[in-house]
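Engineer: Got a structure for you, my_file.tsv, holding TSV, C-alpha atoms and all ligand atoms.
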chain	number	residue	atom	x	y	z
Z	1	MET	CA	0.00	0.00	0.00
Z	2	VAL	CA	1.54	3.28	1.00
Z	3	ASP	CA	4.76	1.56	2.02
Z	4	ASN	CA	4.84	0.44	-1.52
Z	5	ILE	CA	4.22	3.89	-2.84
Z	6	ALA	CA	6.95	5.35	-0.70
Z	7	SER	CA	9.49	2.90	-2.08
Z	8	PHE	CA	8.76	3.44	-5.77
Z	9	PHE	CA	7.48	6.98	-5.41
Z	10	ARG	CA	10.70	8.35	-6.80
Z	11	GLU	CA	10.36	6.13	-9.89
Z	12	LEU	CA	7.15	7.84	-10.89
Z	13	GLU	CA	7.54	10.44	-13.61
Z	14	PRO	CA	5.65	13.73	-13.87
Z	15	ALA	CA	3.56	12.38	-16.77
Z	16	ASP	CA	2.43	9.45	-14.60
Z	17	PHE	CA	0.90	12.04	-12.30
Z	18	TYR	CA	-0.78	13.73	-15.31
Z	19	LEU	CA	-2.47	10.42	-15.99
Z	20	LEU	CA	-3.48	9.96	-12.35
Z	21	SER	CA	-4.86	13.45	-11.99
Z	22	GLY	CA	-6.61	13.11	-15.36
Z	23	ILE	CA	-8.40	10.00	-14.11
Z	24	GLU	CA	-9.11	11.80	-10.85
Z	25	GLN	CA	-10.86	14.56	-12.80
Z	26	GLY	CA	-12.82	12.10	-14.90
Z	27	MET	CA	-14.02	10.35	-11.74
Z	28	ARG	CA	-15.97	13.46	-10.83
Z	29	PHE	CA	-18.38	12.44	-13.57
Z	30	SER	CA	-18.29	8.66	-13.61
Z	31	GLU	CA	-17.00	5.79	-11.54
Z	32	TRP	CA	-15.00	4.47	-14.45
Z	33	VAL	CA	-13.38	6.94	-16.82
Z	34	GLN	CA	-13.59	5.91	-20.46
Z	35	ARG	CA	-10.25	5.31	-22.05
Z	36	GLU	CA	-11.10	7.65	-24.95
Z	37	GLU	CA	-11.71	10.52	-22.56
Z	38	ILE	CA	-8.46	10.25	-20.65
Z	39	PRO	CA	-6.23	12.18	-23.13
Z	40	LYS	CA	-8.53	15.19	-22.74
Z	41	TYR	CA	-8.48	15.13	-18.91
Z	42	ALA	CA	-4.80	14.27	-18.62
Z	43	GLU	CA	-3.57	16.57	-21.39
Z	44	LEU	CA	-1.57	13.72	-22.86
Z	45	THR	CA	-1.62	12.20	-26.35
Z	46	ALA	CA	-3.41	8.88	-26.81
Z	47	GLU	CA	-0.06	7.10	-27.21
Z	48	GLU	CA	1.28	8.69	-24.05
Z	49	VAL	CA	-1.88	7.65	-22.21
Z	50	ASP	CA	-1.40	4.02	-23.33
Z	51	TYR	CA	2.15	4.03	-22.06
Z	52	ARG	CA	1.24	5.66	-18.73
Z	53	ILE	CA	-1.72	3.33	-18.20
Z	54	ASP	CA	0.62	0.34	-18.40
Z	55	ARG	CA	2.99	1.85	-15.89
Z	56	CYS	CA	0.26	2.87	-13.46
Z	57	MET	CA	-1.50	-0.50	-13.78
Z	58	ARG	CA	1.77	-2.24	-12.90
Z	59	HIS	CA	2.07	-0.17	-9.75
Z	60	GLU	CA	-1.63	-0.79	-8.98
Z	61	LEU	CA	-2.35	2.93	-8.90
Z	62	ILE	CA	-5.32	2.49	-11.25
Z	63	GLU	CA	-7.63	-0.34	-12.15
Z	64	ARG	CA	-9.43	-1.29	-15.32
Z	65	LYS	CA	-12.83	-2.65	-16.18
Z	66	THR	CA	-13.82	-3.91	-19.58
Z	67	ILE	CA	-17.54	-4.62	-19.17
Z	68	GLN	CA	-19.68	-2.26	-21.26
Z	69	TYR	CA	-16.72	-0.07	-22.08
Z	70	GLU	CA	-13.06	0.11	-21.21
Z	71	GLY	CA	-12.76	2.32	-18.17
Z	72	TYR	CA	-10.27	3.20	-15.47
Z	73	GLN	CA	-10.44	4.42	-11.93
Z	74	LEU	CA	-7.90	5.32	-9.28
Z	75	THR	CA	-7.20	2.79	-6.57
Z	76	PHE	CA	-6.74	4.19	-3.10
Z	77	GLU	CA	-3.01	3.79	-3.71
Z	78	GLY	CA	-3.32	6.02	-6.77
Z	79	TYR	CA	-5.21	8.64	-4.80
Z	80	ASP	CA	-2.65	8.30	-1.99
Z	81	ALA	CA	0.14	8.93	-4.52
Z	82	LEU	CA	-1.52	12.15	-5.70
Z	83	ALA	CA	-1.84	13.47	-2.15
Z	84	LEU	CA	1.69	12.38	-1.33
Z	85	ARG	CA	3.00	14.26	-4.32
Z	86	THR	CA	1.22	17.43	-3.25
Z	87	PHE	CA	2.70	17.17	0.24
Z	88	ALA	CA	6.14	16.60	-1.29
Z	89	GLU	CA	5.74	19.71	-3.46
Z	90	ARG	CA	4.76	21.72	-0.40
Z	91	ASP	CA	7.66	20.31	1.63
Z	92	THR	CA	5.18	19.23	4.28
Z	93	PHE	CA	7.35	16.21	5.08
Z	94	ALA	CA	10.30	14.33	3.71
Z	95	GLY	CA	9.57	10.62	3.98
Z	96	ILE	CA	7.00	8.06	5.03
Z	97	GLY	CA	7.70	5.82	7.99
Z	98	ALA	CA	6.00	3.02	9.87
Z	99	PRO	CA	2.24	2.54	10.15
Z	100	LEU	CA	0.87	4.07	13.37
Z	101	GLY	CA	-2.59	2.61	13.07
Z	102	VAL	CA	-4.88	1.01	10.58
Z	103	GLY	CA	-8.53	1.65	11.27
Z	104	LYS	CA	-11.67	0.63	9.44
Z	105	GLU	CA	-11.88	4.10	7.99
Z	106	SER	CA	-8.27	5.19	7.80
Z	107	ASP	CA	-4.59	4.35	7.45
Z	108	VAL	CA	-2.21	6.36	9.59
Z	109	TYR	CA	1.55	6.56	9.02
Z	110	GLU	CA	4.43	8.28	10.69
Z	111	VAL	CA	6.09	10.85	8.43
Z	112	GLN	CA	9.38	12.65	8.86
Z	113	SER	CA	9.73	16.38	9.01
Z	114	PHE	CA	11.85	18.42	11.41
Z	115	ARG	CA	9.90	16.34	13.91
Z	116	PRO	CA	7.83	13.18	13.45
Z	117	MET	CA	4.28	13.79	12.32
Z	118	ALA	CA	1.28	11.62	11.50
Z	119	LEU	CA	-0.26	11.27	8.03
Z	120	LYS	CA	-3.85	10.03	8.05
Z	121	TYR	CA	-5.43	8.78	4.83
Z	122	HIS	CA	-9.19	8.70	5.05
Z	123	ARG	CA	-10.89	5.64	3.60
Z	124	GLU	CA	-14.52	6.57	4.23
Z	125	GLY	CA	-16.88	5.50	1.52
Z	126	TYR	CA	-14.53	3.05	-0.10
Z	127	THR	CA	-15.99	-0.18	1.28
Z	128	ASN	CA	-19.60	0.96	1.01
Z	129	PHE	CA	-18.95	2.29	-2.40
Z	130	ARG	CA	-17.63	-1.06	-3.54
Z	131	GLU	CA	-20.81	-2.80	-2.43
Z	132	VAL	CA	-23.07	-0.35	-4.18
Z	133	GLN	CA	-20.97	-0.49	-7.26
Z	134	ARG	CA	-21.23	-4.25	-7.56
Z	135	GLU	CA	-25.00	-4.00	-7.49
Z	136	ARG	CA	-25.18	-1.49	-10.26
Z	137	GLU	CA	-22.40	-2.68	-12.46
Z	138	TYR	CA	-24.69	-2.53	-15.47
Z	139	THR	CA	-26.60	0.63	-14.70
Z	140	ALA	CA	-25.80	4.14	-15.75
Z	141	ASP	CA	-23.96	6.17	-13.15
Z	142	ARG	CA	-25.96	9.36	-13.22
Z	143	ASP	CA	-26.17	9.77	-9.46
Z	144	HIS	CA	-22.57	8.92	-9.05
Z	145	VAL	CA	-20.81	10.09	-5.89
Z	146	SER	CA	-17.26	8.90	-5.91
Z	147	TRP	CA	-15.49	7.50	-2.85
Z	148	LEU	CA	-12.84	10.07	-3.62
Z	149	TYR	CA	-15.35	12.72	-2.71
Z	150	THR	CA	-16.54	11.03	0.49
Z	151	ALA	CA	-13.01	10.44	1.73
Z	152	ARG	CA	-11.89	13.94	0.83
Z	153	GLN	CA	-14.85	15.47	2.62
Z	154	ALA	CA	-14.04	13.51	5.77
Z	155	ALA	CA	-10.44	14.74	5.67
Z	156	GLU	CA	-11.53	18.34	5.12
Z	157	ARG	CA	-14.02	18.10	7.91
Z	158	GLU	CA	-11.49	16.61	10.32
Z	159	PHE	CA	-8.86	19.21	9.44
Z	160	GLU	CA	-11.26	22.13	9.86
Z	161	THR	CA	-12.36	20.76	13.21
Z	162	LEU	CA	-8.78	20.39	14.42
Z	163	GLU	CA	-8.11	23.97	13.34
Z	164	GLY	CA	-11.18	25.09	15.25
Z	165	LEU	CA	-10.11	23.25	18.39
Z	166	TYR	CA	-6.35	23.67	18.53
Z	167	PRO	CA	-4.83	24.83	20.87
Z	168	ASP	CA	-7.75	25.44	23.24
Z	169	VAL	CA	-8.58	21.76	23.31
Z	170	SER	CA	-6.02	18.96	23.65
Z	171	VAL	CA	-6.05	17.65	20.05
Z	172	PRO	CA	-3.21	16.86	17.62
Z	173	ARG	CA	-1.84	20.06	16.08
Z	174	PRO	CA	-3.14	20.27	12.49
Z	175	VAL	CA	-0.34	20.74	9.93
Z	176	ASP	CA	-1.64	20.25	6.39
Z	177	GLN	CA	-4.46	18.72	4.36
Z	178	ASN	CA	-4.80	17.59	0.77
Z	179	ARG	CA	-7.47	15.44	-0.89
Z	180	HIS	CA	-8.33	12.60	1.54
Z	181	ALA	CA	-5.25	13.10	3.71
Z	182	ILE	CA	-4.35	15.17	6.74
Z	183	VAL	CA	-1.00	15.73	8.39
Z	184	MET	CA	-0.90	16.41	12.09
Z	185	GLU	CA	1.29	16.23	15.13
Z	186	LYS	CA	2.31	12.70	16.03
Z	187	LEU	CA	0.97	11.80	19.45
Z	188	THR	CA	3.08	10.14	22.08
Z	189	GLY	CA	1.80	7.74	24.69
Z	190	ALA	CA	-0.80	5.05	24.16
Z	191	GLU	CA	-4.45	4.66	23.35
Z	192	LEU	CA	-6.56	4.71	26.50
Z	193	SER	CA	-7.74	1.21	25.56
Z	194	HIS	CA	-4.14	-0.05	25.87
Z	195	ALA	CA	-3.12	2.06	28.86
Z	196	LYS	CA	-3.01	0.65	32.37
Z	197	LEU	CA	-3.73	3.53	34.70
Z	198	GLU	CA	-2.56	3.44	38.30
Z	199	SER	CA	-5.43	3.39	40.78
Z	200	ALA	CA	-4.56	6.87	41.97
Z	201	GLN	CA	-4.73	8.25	38.40
Z	202	VAL	CA	-8.10	6.89	37.33
Z	203	VAL	CA	-10.45	9.66	38.45
Z	204	GLY	CA	-7.92	12.32	37.42
Z	205	VAL	CA	-7.70	10.97	33.87
Z	206	LEU	CA	-11.47	10.64	33.57
Z	207	ASP	CA	-11.82	14.26	34.75
Z	208	LEU	CA	-9.25	15.40	32.18
Z	209	ILE	CA	-11.18	13.71	29.38
Z	210	LEU	CA	-14.48	15.22	30.46
Z	211	ARG	CA	-12.90	18.66	30.81
Z	212	GLU	CA	-11.60	18.42	27.26
Z	213	ALA	CA	-15.10	17.45	26.09
Z	214	ALA	CA	-16.34	20.60	27.86
Z	215	ALA	CA	-13.61	22.70	26.25
Z	216	ALA	CA	-14.52	21.29	22.82
Z	217	PHE	CA	-18.17	22.17	23.42
Z	218	GLU	CA	-17.10	25.66	24.42
Z	219	ALA	CA	-15.13	25.86	21.15
Z	220	GLY	CA	-18.24	24.80	19.23
Z	221	TYR	CA	-17.85	21.04	18.70
Z	222	VAL	CA	-19.05	17.66	19.91
Z	223	HIS	CA	-16.76	14.75	19.02
Z	224	ALA	CA	-19.64	12.27	18.51
Z	225	ASP	CA	-17.41	9.18	18.43
Z	226	LEU	CA	-15.60	9.52	21.74
Z	227	SER	CA	-14.26	6.25	23.11
Z	228	GLU	CA	-11.17	4.62	24.61
Z	229	TYR	CA	-9.92	4.17	21.02
Z	230	ASN	CA	-9.86	7.87	20.19
Z	231	ILE	CA	-8.03	9.11	23.28
Z	232	PHE	CA	-4.27	9.01	23.82
Z	233	VAL	CA	-2.78	9.08	27.30
Z	234	ASP	CA	0.77	10.05	28.21
Z	235	ASP	CA	2.59	11.52	31.20
Z	236	ASP	CA	1.46	15.02	30.27
Z	237	GLY	CA	-2.22	14.21	30.08
Z	238	ILE	CA	-4.70	13.15	27.44
Z	239	THR	CA	-5.32	14.03	23.79
Z	240	ILE	CA	-8.54	13.46	21.87
Z	241	PHE	CA	-8.18	12.62	18.18
Z	242	ASP	CA	-10.24	11.20	15.24
Z	243	TRP	CA	-12.64	14.10	14.63
Z	244	PRO	CA	-14.15	13.68	11.12
Z	245	GLN	CA	-17.65	12.96	12.40
Z	246	ALA	CA	-17.71	15.85	14.89
Z	247	VAL	CA	-20.81	18.05	14.81
Z	248	GLY	CA	-21.20	21.72	15.65
Z	249	THR	CA	-22.86	22.61	18.94
Z	250	ASP	CA	-25.64	24.19	16.86
Z	251	HIS	CA	-26.50	20.74	15.44
Z	252	GLU	CA	-29.95	19.62	16.56
Z	253	ASN	CA	-28.54	16.42	18.14
Z	254	ALA	CA	-25.43	18.02	19.63
Z	255	ARG	CA	-26.50	17.52	23.23
Z	256	GLU	CA	-27.57	13.92	22.76
Z	257	LEU	CA	-24.29	13.17	21.02
Z	258	LEU	CA	-22.39	14.79	23.88
Z	259	ALA	CA	-24.38	12.76	26.41
Z	260	ARG	CA	-23.55	9.60	24.45
Z	261	ASP	CA	-19.84	10.51	24.36
Z	262	VAL	CA	-19.86	11.03	28.13
Z	263	GLU	CA	-21.67	7.76	28.69
Z	264	ASN	CA	-19.26	5.82	26.45
Z	265	VAL	CA	-16.26	7.05	28.35
Z	266	TYR	CA	-17.85	6.60	31.75
Z	267	ASP	CA	-19.00	3.06	30.90
Z	268	TYR	CA	-15.50	2.19	29.76
Z	269	PHE	CA	-14.02	3.37	33.06
Z	270	CYS	CA	-16.66	1.44	35.00
Z	271	ARG	CA	-15.75	-1.74	33.11
Z	272	LYS	CA	-11.99	-1.37	33.21
Z	273	TYR	CA	-11.53	0.34	36.60
Z	274	PRO	CA	-14.61	-0.75	38.62
Z	275	ASN	CA	-12.95	-0.14	41.98
Z	276	GLU	CA	-11.72	3.36	41.27
Z	277	THR	CA	-14.52	4.80	39.13
Z	278	PRO	CA	-17.27	6.57	41.12
Z	279	GLU	CA	-20.53	4.65	41.05
Z	280	ALA	CA	-24.06	5.93	40.52
Z	281	VAL	CA	-23.02	9.09	38.75
Z	282	ASP	CA	-25.79	11.46	37.64
Z	283	LEU	CA	-24.69	11.64	34.02
Z	284	ASP	CA	-27.50	13.98	33.03
Z	285	ALA	CA	-26.46	16.59	35.56
Z	286	LEU	CA	-22.83	16.08	34.57
Z	287	ALA	CA	-23.55	16.58	30.85
Z	288	ALA	CA	-25.62	19.67	31.62
Z	289	ASP	CA	-22.67	21.16	33.50
Z	290	LEU	CA	-20.29	20.24	30.69
Z	291	VAL	CA	-22.44	22.27	28.32
Z	292	ARG	CA	-22.42	25.21	30.74
Z	293	ASP	CA	-18.65	24.82	31.16
Z	294	GLU	CA	-19.16	24.32	34.88
Z	295	PHE	CA	-17.77	20.81	35.10
Z	296	ASP	CA	-14.84	20.21	37.41
Z	297	SER	CA	-14.75	16.64	38.71
Z	298	ILE	CA	-16.92	13.55	38.36
Z	299	SER	CA	-16.73	13.11	42.13
Z	300	ALA	CA	-19.29	15.90	42.46
Z	301	TYR	CA	-22.01	13.91	40.67
Z	302	THR	CA	-22.32	10.74	42.71
Z	303	GLU	CA	-25.86	10.27	43.93
N	401	LIG	N1	-1.78	11.93	15.46
N	401	LIG	C1	-1.55	10.63	15.71
N	401	LIG	N2	-0.39	10.22	16.30
N	401	LIG	C2	-0.17	8.91	16.54
N	401	LIG	N3	-1.02	7.91	16.23
N	401	LIG	C3	-2.19	8.25	15.64
N	401	LIG	C4	-2.51	9.61	15.34
N	401	LIG	N4	-3.73	9.64	14.76
N	401	LIG	C5	-4.14	8.37	14.68
N	401	LIG	N5	-3.23	7.52	15.21
N	401	LIG	C6	-3.35	6.04	15.29
N	401	LIG	O1	-4.08	5.56	14.16
N	401	LIG	C7	-5.29	4.90	14.57
N	401	LIG	C8	-6.43	5.26	13.64
N	401	LIG	O2	-6.64	6.67	13.67
N	401	LIG	P1	-8.05	7.34	13.90
N	401	LIG	O3	-7.87	8.81	13.75
N	401	LIG	O4	-8.65	6.87	15.19
N	401	LIG	O5	-8.89	6.80	12.64
N	401	LIG	P2	-10.15	5.79	12.51
N	401	LIG	O6	-11.25	6.68	12.04
N	401	LIG	O7	-9.75	4.81	11.49
N	401	LIG	O8	-10.43	5.20	13.86
N	401	LIG	C9	-5.52	5.37	16.00
N	401	LIG	O9	-6.20	4.41	16.74
N	401	LIG	C10	-4.13	5.63	16.53
N	401	LIG	O10	-3.57	4.47	17.09
N	402	MG	MG	-10.41	6.00	15.74
What does this structure look like when you write it as structure tokens?
Ligand SMILES: Nc1ncnc2c1ncn2[C@@H]1O[C@H](COP(=O)(O)OP(=O)(O)O)[C@@H](O)[C@H]1O
Ligand SMILES: [Mg+2]

Structural biologist:
Amino acid sequence: MVDNIASFFRELEPADFYLLSGIEQGMRFSEWVQREEIPKYAELTAEEVDYRIDRCMRHELIERKTIQYEGYQLTFEGYDALALRTFAERDTFAGIGAPLGVGKESDVYEVQSFRPMALKYHREGYTNFREVQREREYTADRDHVSWLYTARQAAEREFETLEGLYPDVSVPRPVDQNRHAIVMEKLTGAELSHAKLESAQVVGVLDLILREAAAAFEAGYVHADLSEYNIFVDDDGITIFDWPQAVGTDHENARELLARDVENVYDYFCRKYPNETPEAVDLDALAADLVRDEFDSISAYTE
């Protein structure tokens, strides 16, 4: 995948990227871009297109279908390569390193700049899109919404949210965004789900998380997918990441989503640290105080 891309990235020639971005443009209008239309989008001659298609097929940056008509689309690796090239042109980072995490909806890699950073490729829409596509293989694609678009929107949304939150809320510092990718500060520490908190730390860490949720609300956002998997813990405190699905506090369900976030985190602490986590907490009162920015400690809400 991207490891791959990093290793042969230097072998790609500028005209290979013309082909890739030509297909990218064509995919705004149809899932599979007709071979005859590619020269126009890519600004290459038909012969040049043939040559570049072979190269890009070999590197699995594009794929072909031959049913109905001969068409091409970018693979995620092809889309990754386009974003990577843009970051390289902007000198955002110098090289790609080890995977930091592979989620259902993303691939995250360490990248090297003057300090290590994290590159997150959004994958939203890809799996779903594949299913839908199989069903309508033989139908016209008039209502076509490409997975490129869905993934790019998620990345834009996450980046904007990070910009809205940083530095008032403890989130990764946003660095750059292109297409379906964002670059941000690399977090240290471990996911809360992997951390083993000392007894004496448990309530303190839970309070820190809830205070950040309050700070985010104050800044205008509800995370809406808060869990032990989207929180990092280190010696300096906690950081909340993975924000593409965040909603504004003006969203009609904002308060319910906040209440659900609070409940998720509290339930996790009850399961993992049953002896240290306060019991019988009035979560409604707690969430109401979070919204008013009057929350201090969970200890104040035991019934
Ligand atoms: N800024 C970061 N620094 C270090 N690791 C990260 C960073 N962002 C994400 N990760 C790792 O990648 C994984 C997936 O990222 P996440 O943003 O949660 O995407 P997903 O939507 O796929 O859950 C995380 O669980 C985490 O381990
Ligand atoms: Mg996550």

Engineer: Figure out the distance between CA of Leu74 in chain Z and CA of Phe29 in chain Z, please, to one decimal in Å.

Structural biologist: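 These atoms are spaced 13.4 Å apart.
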
Engineer: Taking all atoms listed in the file and a cut-off of 10 Å, can you tell me which residues surround ligand MG 402 (chain N), written as a list in words?

Structural biologist: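 Sorted by chain and then by number, the residues are Gly101, Val102, Gly103, Lys104, Glu105, Ser106, Glu191, Asp225, Leu226, Ser227, Glu228, Tyr229, Asn230, Ile231, Ile240, Phe241, Asp242, Trp243 and Pro244 of chain Z.
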
Engineer: Show me, as JSON, the centre and edge lengths in Å to one decimal of the axis-aligned box that covers every listed atom of ligand LIG 401 (chain N) with 5 Å on each side.

Structural biologist:
{"center_x": -5.7, "center_y": 8.2, "center_z": 14.3, "size_x": 21.1, "size_y": 17.5, "size_z": 15.6}

Engineer: Extract, using only C-alpha atoms, all DNA, RNA and protein residues at most 10 Å from Glu263 in chain Z, discarding same-chain residues fewer than 3 positions from it, and format them as number ranges by chain.

Structural biologist: Z: 226-227, 257-260, 266-269, 283-284, 287

Engineer: From the options Z:Val233, Z:Ala280, Z:Leu290, Z:Val171, which residue's atoms come nearest to Phe217 in chain Z, counting only C-alpha atoms?

Structural biologist: Z:Leu290

Engineer: Just the number, please: distance in Å from CA of Cys270 in chain Z to CA of Ser297 in chain Z, one decimal.

Structural biologist: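 Spanning CA of Cys270 in chain Z to CA of Ser297 in chain Z is a straight-line distance of 15.8 Å.
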
Engineer: Hey, what's within 10 Å of Ala300 in chain Z if we count only C-alpha atoms and toss same-chain stuff fewer than 2 positions away? As a ChimeraX atom specification, please?

Structural biologist: /Z:278,281-282,285-286,295-298,302-303

Engineer: Next, write the just-selected residues to a file, as a compact mmCIF listing (two decimals), keeping the file's coordinate frame, keeping C-alpha atoms as the atom set.

Structural biologist:
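Result went into result16.txt, see below:
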# COMPACT_ATOMS: atom_id res chain seq x y z
CA PRO Z 278 -17.27 6.57 41.12
CA VAL Z 281 -23.02 9.09 38.75
CA ASP Z 282 -25.79 11.46 37.64
CA ALA Z 285 -26.46 16.59 35.56
CA LEU Z 286 -22.83 16.08 34.57
CA PHE Z 295 -17.77 20.81 35.10
CA ASP Z 296 -14.84 20.21 37.41
CA SER Z 297 -14.75 16.64 38.71
CA ILE Z 298 -16.92 13.55 38.36
CA THR Z 302 -22.32 10.74 42.71
CA GLU Z 303 -25.86 10.27 43.93

Engineer: Could you check the closest approach to ligand LIG 401 (chain N) for each of Z:Glu77, Z:Glu31, Z:Glu185, Z:Glu276 and tell me which residue wins, using only C-alpha atoms and all ligand atoms?

Structural biologist: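 Among the listed residues, the smallest separation from ligand LIG 401 (chain N) belongs to Z:Glu185.
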
Engineer: Would you mind reading off the distance between atom O7 of ligand LIG 401 (chain N) and CA of Arg10 in chain Z, one decimal, in Å?

Structural biologist: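 Computing the Euclidean distance for atom O7 of ligand LIG 401 (chain N) and CA of Arg10 in chain Z yields 27.7 Å.
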
Engineer: Find the spatial neighbours of Glu256 in chain Z, counting all atoms listed in the file, within a cut-off of 10 Å - ignore same-chain residues fewer than 6 positions away - and output them as a list in words.

Structural biologist: Val222, Ala224, Val262 and Ala287 of chain Z

Engineer: I'd like to know which of Z:Asp234, Z:Glu158, Z:Glu11, Z:Asp176 is closest to His194 in chain Z, using only C-alpha atoms.

Structural biologist: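 Of Z:Asp234, Z:Glu158, Z:Glu11, Z:Asp176, the one nearest His194 in chain Z is Z:Asp234, counting only C-alpha atoms.
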